[in-house]
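K.L.:
Here you go, this is coords-v9.cif (mmCIF, C-alpha atoms).
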data_run
#
loop_
_atom_site.group_PDB
_atom_site.id
_atom_site.type_symbol
_atom_site.label_atom_id
_atom_site.label_comp_id
_atom_site.auth_asym_id
_atom_site.auth_seq_id
_atom_site.Cartn_x
_atom_site.Cartn_y
_atom_site.Cartn_z
ATOM 1 C CA MET S 1 136.553 172.827 10.668
ATOM 2 C CA THR S 2 138.578 169.945 11.881
ATOM 3 C CA PRO S 3 137.669 168.561 15.280
ATOM 4 C CA ALA S 4 140.139 169.445 18.036
ATOM 5 C CA THR S 5 142.302 166.570 19.116
ATOM 6 C CA THR S 6 142.731 166.122 22.797
ATOM 7 C CA SER S 7 145.443 163.951 24.340
ATOM 8 C CA ALA S 8 144.083 161.924 27.232
ATOM 9 C CA ALA S 9 146.429 160.892 30.023
ATOM 10 C CA PRO S 10 146.983 157.138 30.257
ATOM 11 C CA VAL S 11 144.786 155.519 32.840
ATOM 12 C CA LEU S 12 146.462 153.091 35.251
ATOM 13 C CA ARG S 13 144.585 149.876 35.509
ATOM 14 C CA ALA S 14 144.276 147.833 38.684
ATOM 15 C CA GLY S 15 147.480 145.940 39.304
ATOM 16 C CA ASP S 16 149.614 148.257 37.155
ATOM 17 C CA ALA S 17 152.654 149.638 39.020
ATOM 18 C CA PRO S 18 154.031 153.063 38.166
ATOM 19 C CA ALA S 19 157.202 152.787 36.154
ATOM 20 C CA ILE S 20 160.390 153.874 37.880
ATOM 21 C CA ARG S 21 162.790 155.770 35.696
ATOM 22 C CA PRO S 22 166.292 154.336 35.252
ATOM 23 C CA ALA S 23 167.868 157.381 36.938
ATOM 24 C CA ALA S 24 165.625 157.020 39.999
ATOM 25 C CA ARG S 25 166.352 153.284 40.087
ATOM 26 C CA ARG S 26 170.081 154.004 40.032
ATOM 27 C CA ARG S 27 169.711 156.503 42.882
ATOM 28 C CA LEU S 28 167.781 153.955 44.946
ATOM 29 C CA GLY S 29 170.392 151.304 44.269
ATOM 30 C CA LEU S 30 173.218 153.688 45.182
ATOM 31 C CA GLY S 31 171.495 154.716 48.426
ATOM 32 C CA THR S 32 170.948 151.083 49.403
ATOM 33 C CA LEU S 33 174.592 150.278 48.675
ATOM 34 C CA VAL S 34 175.825 153.216 50.765
ATOM 35 C CA ALA S 35 173.546 152.237 53.665
ATOM 36 C CA ARG S 36 174.810 148.651 53.566
ATOM 37 C CA LEU S 37 178.419 149.817 53.490
ATOM 38 C CA VAL S 38 177.832 152.051 56.516
ATOM 39 C CA LEU S 39 176.181 149.189 58.410
ATOM 40 C CA ALA S 40 179.018 146.837 57.491
ATOM 41 C CA ALA S 41 181.612 149.375 58.668
ATOM 42 C CA ALA S 42 179.753 149.852 61.971
ATOM 43 C CA ALA S 43 179.536 146.085 62.468
ATOM 44 C CA LEU S 44 183.245 145.645 61.749
ATOM 45 C CA SER S 45 184.200 148.453 64.137
ATOM 46 C CA ALA S 46 182.308 146.602 66.897
ATOM 47 C CA LEU S 47 183.371 143.040 66.060
ATOM 48 C CA VAL S 48 187.051 143.461 65.172
ATOM 49 C CA PRO S 49 188.188 144.494 68.706
ATOM 50 C CA VAL S 50 186.276 141.582 70.219
ATOM 51 C CA LEU S 51 187.718 139.080 67.752
ATOM 52 C CA TRP S 52 191.231 140.467 68.230
ATOM 53 C CA THR S 53 190.883 140.207 72.009
ATOM 54 C CA PHE S 54 189.662 136.627 71.613
ATOM 55 C CA LEU S 55 192.680 135.735 69.460
ATOM 56 C CA ASN S 56 195.121 137.433 71.847
ATOM 57 C CA SER S 57 193.740 135.406 74.742
ATOM 58 C CA PHE S 58 195.235 132.281 73.089
ATOM 59 C CA LYS S 59 198.624 133.858 72.312
ATOM 60 C CA ASN S 60 201.883 133.921 74.209
ATOM 61 C CA ARG S 61 203.173 137.302 75.296
ATOM 62 C CA VAL S 62 205.864 137.207 72.593
ATOM 63 C CA ASP S 63 203.241 136.867 69.860
ATOM 64 C CA ILE S 64 201.134 139.688 71.319
ATOM 65 C CA VAL S 65 203.901 142.290 71.666
ATOM 66 C CA SER S 66 205.348 141.488 68.243
ATOM 67 C CA SER S 67 205.732 144.551 66.021
ATOM 68 C CA THR S 68 203.990 142.670 63.206
ATOM 69 C CA PRO S 69 200.482 141.419 64.072
ATOM 70 C CA LYS S 70 200.419 137.631 63.968
ATOM 71 C CA PHE S 71 197.369 135.873 62.637
ATOM 72 C CA LEU S 72 199.043 132.466 62.474
ATOM 73 C CA PHE S 73 200.344 131.307 65.834
ATOM 74 C CA THR S 74 200.452 128.304 68.122
ATOM 75 C CA PRO S 75 197.460 128.625 70.493
ATOM 76 C CA THR S 76 197.894 128.131 74.213
ATOM 77 C CA LEU S 77 195.532 127.764 77.150
ATOM 78 C CA GLU S 78 198.006 129.025 79.749
ATOM 79 C CA ASN S 79 196.246 132.390 80.007
ATOM 80 C CA TYR S 80 192.902 130.786 80.823
ATOM 81 C CA ASP S 81 194.545 128.312 83.189
ATOM 82 C CA TYR S 82 196.179 131.184 85.064
ATOM 83 C CA VAL S 83 192.952 133.203 85.322
ATOM 84 C CA LEU S 84 190.723 130.291 86.303
ATOM 85 C CA GLY S 85 193.316 128.907 88.707
ATOM 86 C CA ARG S 86 193.489 132.019 90.878
ATOM 87 C CA GLU S 87 191.497 131.952 94.093
ATOM 88 C CA ALA S 88 190.730 135.674 93.762
ATOM 89 C CA VAL S 89 189.025 135.071 90.411
ATOM 90 C CA ALA S 90 186.824 132.319 91.849
ATOM 91 C CA GLN S 91 185.904 134.526 94.810
ATOM 92 C CA GLY S 92 185.194 137.482 92.512
ATOM 93 C CA LEU S 93 182.999 135.316 90.305
ATOM 94 C CA VAL S 94 180.998 134.081 93.304
ATOM 95 C CA ASN S 95 180.649 137.636 94.623
ATOM 96 C CA SER S 96 179.469 138.901 91.235
ATOM 97 C CA LEU S 97 176.921 136.116 90.827
ATOM 98 C CA VAL S 98 175.543 136.548 94.363
ATOM 99 C CA VAL S 99 175.501 140.356 94.341
ATOM 100 C CA VAL S 100 174.247 140.900 90.797
ATOM 101 C CA GLY S 101 171.755 138.024 90.944
ATOM 102 C CA SER S 102 170.306 139.228 94.248
ATOM 103 C CA ALA S 103 170.141 142.847 93.091
ATOM 104 C CA VAL S 104 168.382 141.947 89.846
ATOM 105 C CA LEU S 105 165.944 139.627 91.638
ATOM 106 C CA ILE S 106 165.047 142.230 94.280
ATOM 107 C CA GLY S 107 164.854 144.950 91.632
ATOM 108 C CA ALA S 108 162.420 142.852 89.606
ATOM 109 C CA LEU S 109 160.280 141.937 92.639
ATOM 110 C CA LEU S 110 159.962 145.589 93.652
ATOM 111 C CA GLY S 111 160.177 147.273 90.257
ATOM 112 C CA LEU S 112 157.576 145.316 88.299
ATOM 113 C CA PRO S 113 154.655 146.035 90.694
ATOM 114 C CA ALA S 114 155.744 149.663 90.916
ATOM 115 C CA ALA S 115 155.852 149.945 87.130
ATOM 116 C CA TYR S 116 152.409 148.353 86.813
ATOM 117 C CA ALA S 117 150.985 150.759 89.402
ATOM 118 C CA LEU S 118 152.392 153.760 87.535
ATOM 119 C CA ALA S 119 151.131 152.430 84.210
ATOM 120 C CA ARG S 120 147.592 151.485 85.278
ATOM 121 C CA TYR S 121 146.853 153.688 88.294
ATOM 122 C CA PRO S 122 148.174 157.150 87.396
ATOM 123 C CA VAL S 123 148.697 159.453 90.325
ATOM 124 C CA ARG S 124 149.626 163.067 90.684
ATOM 125 C CA ARG S 125 152.973 163.919 89.160
ATOM 126 C CA ALA S 126 153.338 160.425 87.670
ATOM 127 C CA ASP S 127 155.594 161.827 84.945
ATOM 128 C CA ASP S 128 157.757 163.507 87.578
ATOM 129 C CA ILE S 129 158.057 160.194 89.428
ATOM 130 C CA GLN S 130 159.169 158.437 86.250
ATOM 131 C CA PHE S 131 161.714 161.158 85.518
ATOM 132 C CA PHE S 132 163.031 160.994 89.083
ATOM 133 C CA VAL S 133 163.446 157.235 88.788
ATOM 134 C CA LEU S 134 165.322 157.615 85.514
ATOM 135 C CA SER S 135 167.429 160.486 86.875
ATOM 136 C CA MET S 136 169.080 158.009 89.229
ATOM 137 C CA ARG S 137 170.881 156.721 86.132
ATOM 138 C CA PHE S 138 171.915 160.242 85.110
ATOM 139 C CA LEU S 139 174.096 160.769 88.158
ATOM 140 C CA PRO S 140 177.805 160.005 87.727
ATOM 141 C CA PRO S 141 178.946 156.964 89.719
ATOM 142 C CA VAL S 142 181.195 159.100 91.932
ATOM 143 C CA ALA S 143 178.233 161.185 93.085
ATOM 144 C CA VAL S 144 176.497 157.980 94.185
ATOM 145 C CA ALA S 145 179.488 156.063 95.534
ATOM 146 C CA ILE S 146 180.922 158.649 97.937
ATOM 147 C CA PRO S 147 177.731 159.202 100.027
ATOM 148 C CA LEU S 148 177.051 155.461 100.045
ATOM 149 C CA MET S 149 180.606 154.751 101.169
ATOM 150 C CA VAL S 150 180.110 157.059 104.157
ATOM 151 C CA ILE S 151 176.779 155.405 104.986
ATOM 152 C CA TRP S 152 178.165 151.851 104.835
ATOM 153 C CA LEU S 153 181.189 152.833 106.915
ATOM 154 C CA GLN S 154 178.952 154.242 109.629
ATOM 155 C CA LEU S 155 176.761 151.122 109.544
ATOM 156 C CA GLU S 156 179.874 148.901 109.609
ATOM 157 C CA LEU S 157 178.763 147.224 106.393
ATOM 158 C CA TYR S 158 181.585 148.490 104.194
ATOM 159 C CA ASP S 159 183.175 145.805 101.988
ATOM 160 C CA THR S 160 180.241 143.414 102.390
ATOM 161 C CA ARG S 161 177.933 141.767 99.909
ATOM 162 C CA ILE S 162 174.916 143.304 101.647
ATOM 163 C CA ALA S 163 176.171 146.811 100.920
ATOM 164 C CA LEU S 164 176.724 145.997 97.249
ATOM 165 C CA ILE S 165 173.364 144.248 96.929
ATOM 166 C CA VAL S 166 171.489 147.263 98.312
ATOM 167 C CA THR S 167 173.497 149.662 96.142
ATOM 168 C CA TYR S 168 173.021 147.639 92.961
ATOM 169 C CA THR S 169 169.322 147.211 93.765
ATOM 170 C CA LEU S 170 168.915 150.983 93.531
ATOM 171 C CA LEU S 171 170.425 150.872 90.047
ATOM 172 C CA THR S 172 168.425 147.908 88.769
ATOM 173 C CA LEU S 173 165.214 149.217 90.334
ATOM 174 C CA SER S 174 165.325 152.428 88.324
ATOM 175 C CA THR S 175 166.129 150.574 85.095
ATOM 176 C CA VAL S 176 163.400 147.953 85.545
ATOM 177 C CA ILE S 177 160.726 150.508 86.425
ATOM 178 C CA TRP S 178 161.513 152.774 83.487
ATOM 179 C CA LEU S 179 161.583 149.950 80.929
ATOM 180 C CA ALA S 180 158.603 148.042 82.360
ATOM 181 C CA ILE S 181 156.118 150.947 82.304
ATOM 182 C CA PRO S 182 155.732 150.928 78.478
ATOM 183 C CA ALA S 183 155.400 147.135 78.535
ATOM 184 C CA PHE S 184 152.475 147.295 80.959
ATOM 185 C CA LYS S 185 150.870 150.177 79.061
ATOM 186 C CA ALA S 186 150.864 147.984 75.951
ATOM 187 C CA VAL S 187 148.690 145.370 77.693
ATOM 188 C CA PRO S 188 145.110 145.783 76.357
ATOM 189 C CA ARG S 189 142.750 147.134 78.975
ATOM 190 C CA GLU S 190 139.972 144.974 77.568
ATOM 191 C CA VAL S 191 141.809 141.860 78.712
ATOM 192 C CA GLU S 192 142.102 143.213 82.253
ATOM 193 C CA GLU S 193 138.446 144.204 82.242
ATOM 194 C CA ALA S 194 137.555 140.659 81.198
ATOM 195 C CA GLY S 195 139.551 139.429 84.191
ATOM 196 C CA ARG S 196 137.579 141.723 86.494
ATOM 197 C CA VAL S 197 134.346 140.340 85.057
ATOM 198 C CA ASP S 198 135.601 136.838 85.905
ATOM 199 C CA GLY S 199 136.071 137.931 89.505
ATOM 200 C CA TYR S 200 139.809 138.667 89.551
ATOM 201 C CA GLY S 201 141.051 141.241 92.032
ATOM 202 C CA PRO S 202 143.893 143.722 91.389
ATOM 203 C CA TYR S 203 146.615 141.281 92.470
ATOM 204 C CA ALA S 204 145.186 138.423 90.411
ATOM 205 C CA ILE S 205 144.965 140.682 87.359
ATOM 206 C CA PHE S 206 148.608 141.652 87.807
ATOM 207 C CA PHE S 207 149.926 138.109 88.256
ATOM 208 C CA LYS S 208 147.573 136.177 85.960
ATOM 209 C CA VAL S 209 146.840 138.699 83.199
ATOM 210 C CA ALA S 210 149.232 141.618 82.867
ATOM 211 C CA LEU S 211 152.436 139.832 83.857
ATOM 212 C CA PRO S 212 152.135 136.903 81.395
ATOM 213 C CA ILE S 213 151.165 139.190 78.489
ATOM 214 C CA ALA S 214 154.078 141.596 79.062
ATOM 215 C CA ALA S 215 156.535 138.828 79.981
ATOM 216 C CA ARG S 216 158.684 139.077 76.835
ATOM 217 C CA SER S 217 159.320 142.793 77.210
ATOM 218 C CA LEU S 218 159.868 142.430 80.952
ATOM 219 C CA VAL S 219 162.538 139.785 80.421
ATOM 220 C CA GLY S 220 164.332 142.269 78.184
ATOM 221 C CA ALA S 221 164.199 144.927 80.899
ATOM 222 C CA ILE S 222 165.573 142.519 83.508
ATOM 223 C CA ALA S 223 168.342 141.349 81.165
ATOM 224 C CA PHE S 224 169.316 144.959 80.444
ATOM 225 C CA GLY S 225 169.506 145.688 84.168
ATOM 226 C CA PHE S 226 171.696 142.612 84.658
ATOM 227 C CA VAL S 227 174.158 143.743 81.999
ATOM 228 C CA LEU S 228 174.413 147.232 83.520
ATOM 229 C CA VAL S 229 175.264 146.093 87.048
ATOM 230 C CA TRP S 230 177.454 143.167 85.965
ATOM 231 C CA ASN S 231 179.837 145.548 84.181
ATOM 232 C CA GLU S 232 179.722 148.182 86.938
ATOM 233 C CA PHE S 233 183.247 149.053 88.085
ATOM 234 C CA LEU S 234 183.637 152.373 89.872
ATOM 235 C CA ILE S 235 180.998 151.861 92.584
ATOM 236 C CA ALA S 236 182.319 148.379 93.347
ATOM 237 C CA LEU S 237 185.864 149.756 93.463
ATOM 238 C CA MET S 238 184.913 152.386 96.062
ATOM 239 C CA LEU S 239 182.702 150.132 98.200
ATOM 240 C CA THR S 240 185.006 147.108 98.443
ATOM 241 C CA THR S 241 188.560 146.362 99.470
ATOM 242 C CA SER S 242 189.017 142.591 99.727
ATOM 243 C CA ASP S 243 186.070 140.458 100.868
ATOM 244 C CA ALA S 244 183.318 141.612 98.482
ATOM 245 C CA LYS S 245 185.333 142.419 95.369
ATOM 246 C CA THR S 246 183.438 141.630 92.173
ATOM 247 C CA LEU S 247 184.857 140.127 89.007
ATOM 248 C CA PRO S 248 185.536 143.457 87.204
ATOM 249 C CA ILE S 249 187.679 144.577 90.165
ATOM 250 C CA VAL S 250 189.595 141.293 90.205
ATOM 251 C CA ALA S 251 190.143 141.478 86.443
ATOM 252 C CA SER S 252 191.590 144.990 86.751
ATOM 253 C CA GLU S 253 194.051 143.775 89.392
ATOM 254 C CA LEU S 254 195.566 141.216 87.033
ATOM 255 C CA SER S 255 197.502 143.964 85.271
ATOM 256 C CA GLN S 256 200.930 145.171 86.344
ATOM 257 C CA LEU S 257 202.694 148.457 85.878
ATOM 258 C CA GLY S 258 205.676 148.848 83.614
ATOM 259 C CA ARG S 259 206.646 146.869 80.531
ATOM 260 C CA ASP S 260 205.681 143.443 81.923
ATOM 261 C CA VAL S 261 201.946 143.787 81.402
ATOM 262 C CA PRO S 262 200.451 140.265 81.041
ATOM 263 C CA TRP S 263 198.456 141.036 77.921
ATOM 264 C CA GLY S 264 197.428 137.438 77.324
ATOM 265 C CA ILE S 265 196.070 137.112 80.868
ATOM 266 C CA LEU S 266 194.226 140.422 80.539
ATOM 267 C CA ASN S 267 192.641 139.375 77.250
ATOM 268 C CA ALA S 268 191.570 136.035 78.739
ATOM 269 C CA SER S 269 190.040 137.790 81.755
ATOM 270 C CA VAL S 270 188.152 140.177 79.458
ATOM 271 C CA ILE S 271 186.690 137.257 77.495
ATOM 272 C CA LEU S 272 185.636 135.436 80.675
ATOM 273 C CA LEU S 273 184.166 138.635 82.114
ATOM 274 C CA SER S 274 182.162 139.241 78.946
ATOM 275 C CA LEU S 275 180.538 135.804 78.747
ATOM 276 C CA PRO S 276 177.601 136.371 81.179
ATOM 277 C CA PRO S 277 176.539 139.702 79.609
ATOM 278 C CA LEU S 278 176.814 138.166 76.140
ATOM 279 C CA LEU S 279 174.574 135.295 77.220
ATOM 280 C CA MET S 280 172.035 137.747 78.638
ATOM 281 C CA ILE S 281 172.187 139.848 75.463
ATOM 282 C CA GLY S 282 171.574 136.667 73.474
ATOM 283 C CA VAL S 283 168.505 135.959 75.578
ATOM 284 C CA LEU S 284 167.384 139.574 75.165
ATOM 285 C CA SER S 285 167.837 139.516 71.381
ATOM 286 C CA GLY S 286 165.929 136.242 71.157
ATOM 287 C CA PHE S 287 162.955 137.690 73.016
ATOM 288 C CA LEU S 288 163.070 140.895 70.962
ATOM 289 C CA ASN S 289 163.175 138.966 67.681
ATOM 290 C CA ALA S 290 160.229 136.847 68.809
ATOM 291 C CA ALA S 291 158.288 139.977 69.776
ATOM 292 C CA PHE S 292 158.973 141.691 66.428
ATOM 293 C CA LYS S 293 158.033 138.527 64.536
ATOM 294 C CA ARG S 294 154.795 138.299 66.478
ATOM 295 C CA LYS S 295 153.960 141.926 65.623
ATOM 296 C CA ARG S 296 154.682 141.323 61.929
ATOM 297 C CA ASP S 297 152.454 138.258 61.906
ATOM 298 C CA ALA S 298 149.681 140.187 63.642
ATOM 299 C CA ALA S 299 149.965 142.993 61.092
#
Could you write out this file's structure as C-alpha cells?
P.N.:
Amino acid sequence: MTPATTSAAPVLRAGDAPAIRPAARRRLGLGTLVARLVLAAAALSALVPVLWTFLNSFKNRVDIVSSTPKFLFTPTLENYDYVLGREAVAQGLVNSLVVVGSAVLIGALLGLPAAYALARYPVRRADDIQFFVLSMRFLPPVAVAIPLMVIWLQLELYDTRIALIVTYTLLTLSTVIWLAIPAFKAVPREVEEAGRVDGYGPYAIFFKVALPIAARSLVGAIAFGFVLVWNEFLIALMLTTSDAKTLPIVASELSQLGRDVPWGILNASVILLSLPPLLMIGVLSGFLNAAFKRKRDAA
C-alpha cells in the first residue's frame, strides 16, 4: 500500500503579509479613486462660488453683467472704496464687533461653568437639561424674534445694543454649553482627584485643572458660537431699525431693486463680511488639527 499523501496548508511566518489578489487590488484602487473624485467635487462646489465672488468684487459692473464670463479683466478697488467709505458700514462693523464680542464673552463666562457642572456634578434630568439647552437652537428665528421684539418694545430697549447683546447671549450660551460638556467629560477624573489631594477646592479645580486641560476644545466651541451669531440676520433685522444695525443688515441694504443692482459692491461687502468668520474658522481648524495630532501621537 502506498502511503496517503496529505496536502498541508502553507503556514504564514511572522512578518509575512497575506497576498492581495490583483482583482481585489483593482477594486481598492477604484474605490479610492472614486472617493477622491467625490471629495474633489465637494471641495470645488464649496470653493468656486467663493472664488467667483472674490473675483467679482474687483470687477466693474460692465464686466460682471457681461453675457460671457470674464476671467481676464482690469481690477478695480472702487467697490471696496465705496463699501469702506460709507458711514453706515463703519457703524455696522462697530455694532457687530461690540454686540457679538459681548455676547460671546458673556456666553463663555456663564456657559463654561454651567457645562462643567453638568459634566461633573450630574443632577436629576441632566439629559433633559442638555436637550432643552440645545432645543433653543432648534427654534426658527421668527419664533424667537417676535416675542423678544415685544419684550424690548415694552422695556423701551428696542433698537439698542443691549437688546441684541442679551438676545445673542441666549444663542451663544446654548451653543457653548452643548459643545463644552463633552470637552469637560474628557478631562481625566484622576487629575481632578490629584488636585483635591493637593488641597484644591471645586473652584480651583475648575480654573486650574479642568479649564486648562479642555482649553483647546473650548476654544473651538467659542469660535463656533462666534460664527453663528456673526452671520445672524433675521433676528437682527427684526430687533433693529437704525442705531443698532449689524453688518449683515447694512450689507443687505447696499442692494437696489430693478436692473441697477450694484453687483460689484455687493460682492465686496460679502467678502468683507466673511473675513471675521473665516479668521475664526482658521483658528478653530488650527486647534482641531493640533488636538487630532496630539491624539495620534498619544496613540
K.L.:
Given the PyMOL selection byres ((chain S and resi 93) around 12) and the file above, list the residues it selects as a count of residues only.
P.N.:
31
K.L.:
Which residue, S:Leu55, S:Leu171, S:Ile151, S:Ala117, has the smallest gap to Val229 in chain S when you use all atoms listed in the file?
P.N.:
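Using all atoms listed in the file, Val229 in chain S sits closest to S:Leu171.
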K.L.:
So how far away is CA of Val50 in chain S from CA of Pro69 in chain S, in Å?
P.N.:
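Separation of CA of Pro69 in chain S and CA of Val50 in chain S: 15.5 Å.
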K.L.:
Could you list, as a VMD selection string, every residue matched by the PyMOL selection byres ((chain S and resi 174) around 12) in this structure?
P.N.:
chain S and resid 103 to 104 106 to 108 110 to 112 114 to 115 129 to 138 167 to 173 175 to 181 221 to 222 224 to 225 228 to 229
K.L.:
By how many Å are CA of Tyr116 in chain S and CA of Tyr200 in chain S apart?
P.N.:
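Going from CA of Tyr116 in chain S over to CA of Tyr200 in chain S covers 16.1 Å.
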K.L.:
Go through S:Arg161, S:Lys70, S:Lys59, S:Arg124 and flag the residue nearest Ser102 in chain S, using all atoms listed in the file for the distances.
P.N.:
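Nearest candidate to Ser102 in chain S out of S:Arg161, S:Lys70, S:Lys59, S:Arg124: S:Arg161.
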K.L.:
Output the residue selection produced by the PyMOL selection byres ((chain S and resi 212-216) around 8) on the file above, formatted as a ChimeraX atom specification.
P.N.:
/S:183-184,186-187,207-211,217-220,287-288,291
K.L.:
Suppose you want the space between CA of Ile281 in chain S and CA of Glu232 in chain S; what is it in Å?
P.N.:
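Interatomic distance here is 16.1 Å.
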K.L.:
Measuring between all atoms listed in the file, which one of S:Ala163, S:Phe54, S:Ser66, S:Phe226 shows the shortest distance to Asn79 in chain S?
P.N.:
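Answer, going by the shortest atom-to-atom distance: S:Phe54.
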K.L.:
If I wrap all listed atoms of range 106-109 of chain S in a box with edges along x, y and z and add 5 Å on each side, what are its centre and edge lengths in Å to one decimal, as AutoDock Vina command-line options?
P.N.:
--center_x 162.7 --center_y 143.4 --center_z 91.9 --size_x 14.8 --size_y 13.0 --size_z 14.7
K.L.:
As number ranges by chain, please: the residues near Ile235 in chain S (cut-off 8 Å, all atoms listed in the file, same-chain neighbours under 6 positions excluded).
P.N.:
S: 141-142, 144-145
K.L.:
Can I get the selected residues back with C-alpha atoms, as a CSV table (one decimal), in the frame of the given file?
P.N.:
chain,number,residue,atom,x,y,z
S,141,PRO,CA,178.9,157.0,89.7
S,142,VAL,CA,181.2,159.1,91.9
S,144,VAL,CA,176.5,158.0,94.2
S,145,ALA,CA,179.5,156.1,95.5
K.L.:
Given all atoms listed in the file as the basis, pick out the residue of S:Val191, S:Ile165, S:Leu266, S:Ala236 nearest to Ile205 in chain S.
P.N.:
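Of S:Val191, S:Ile165, S:Leu266, S:Ala236, the one nearest Ile205 in chain S, counting all atoms listed in the file, is S:Val191.
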K.L.:
Pick out the closest residue to Leu148 in chain S from this set: S:Ala194, S:Leu109, S:Val34, S:Val166. Count all atoms listed in the file.
P.N.:
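Closest candidate: S:Val166.
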K.L.:
Just checking: using all atoms listed in the file, which residue out of S:Leu77, S:Ile64, S:Ile146, S:Leu44 ends up closest to Trp263 in chain S?
P.N.:
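For Trp263 in chain S, the nearest of the candidates is S:Ile64.
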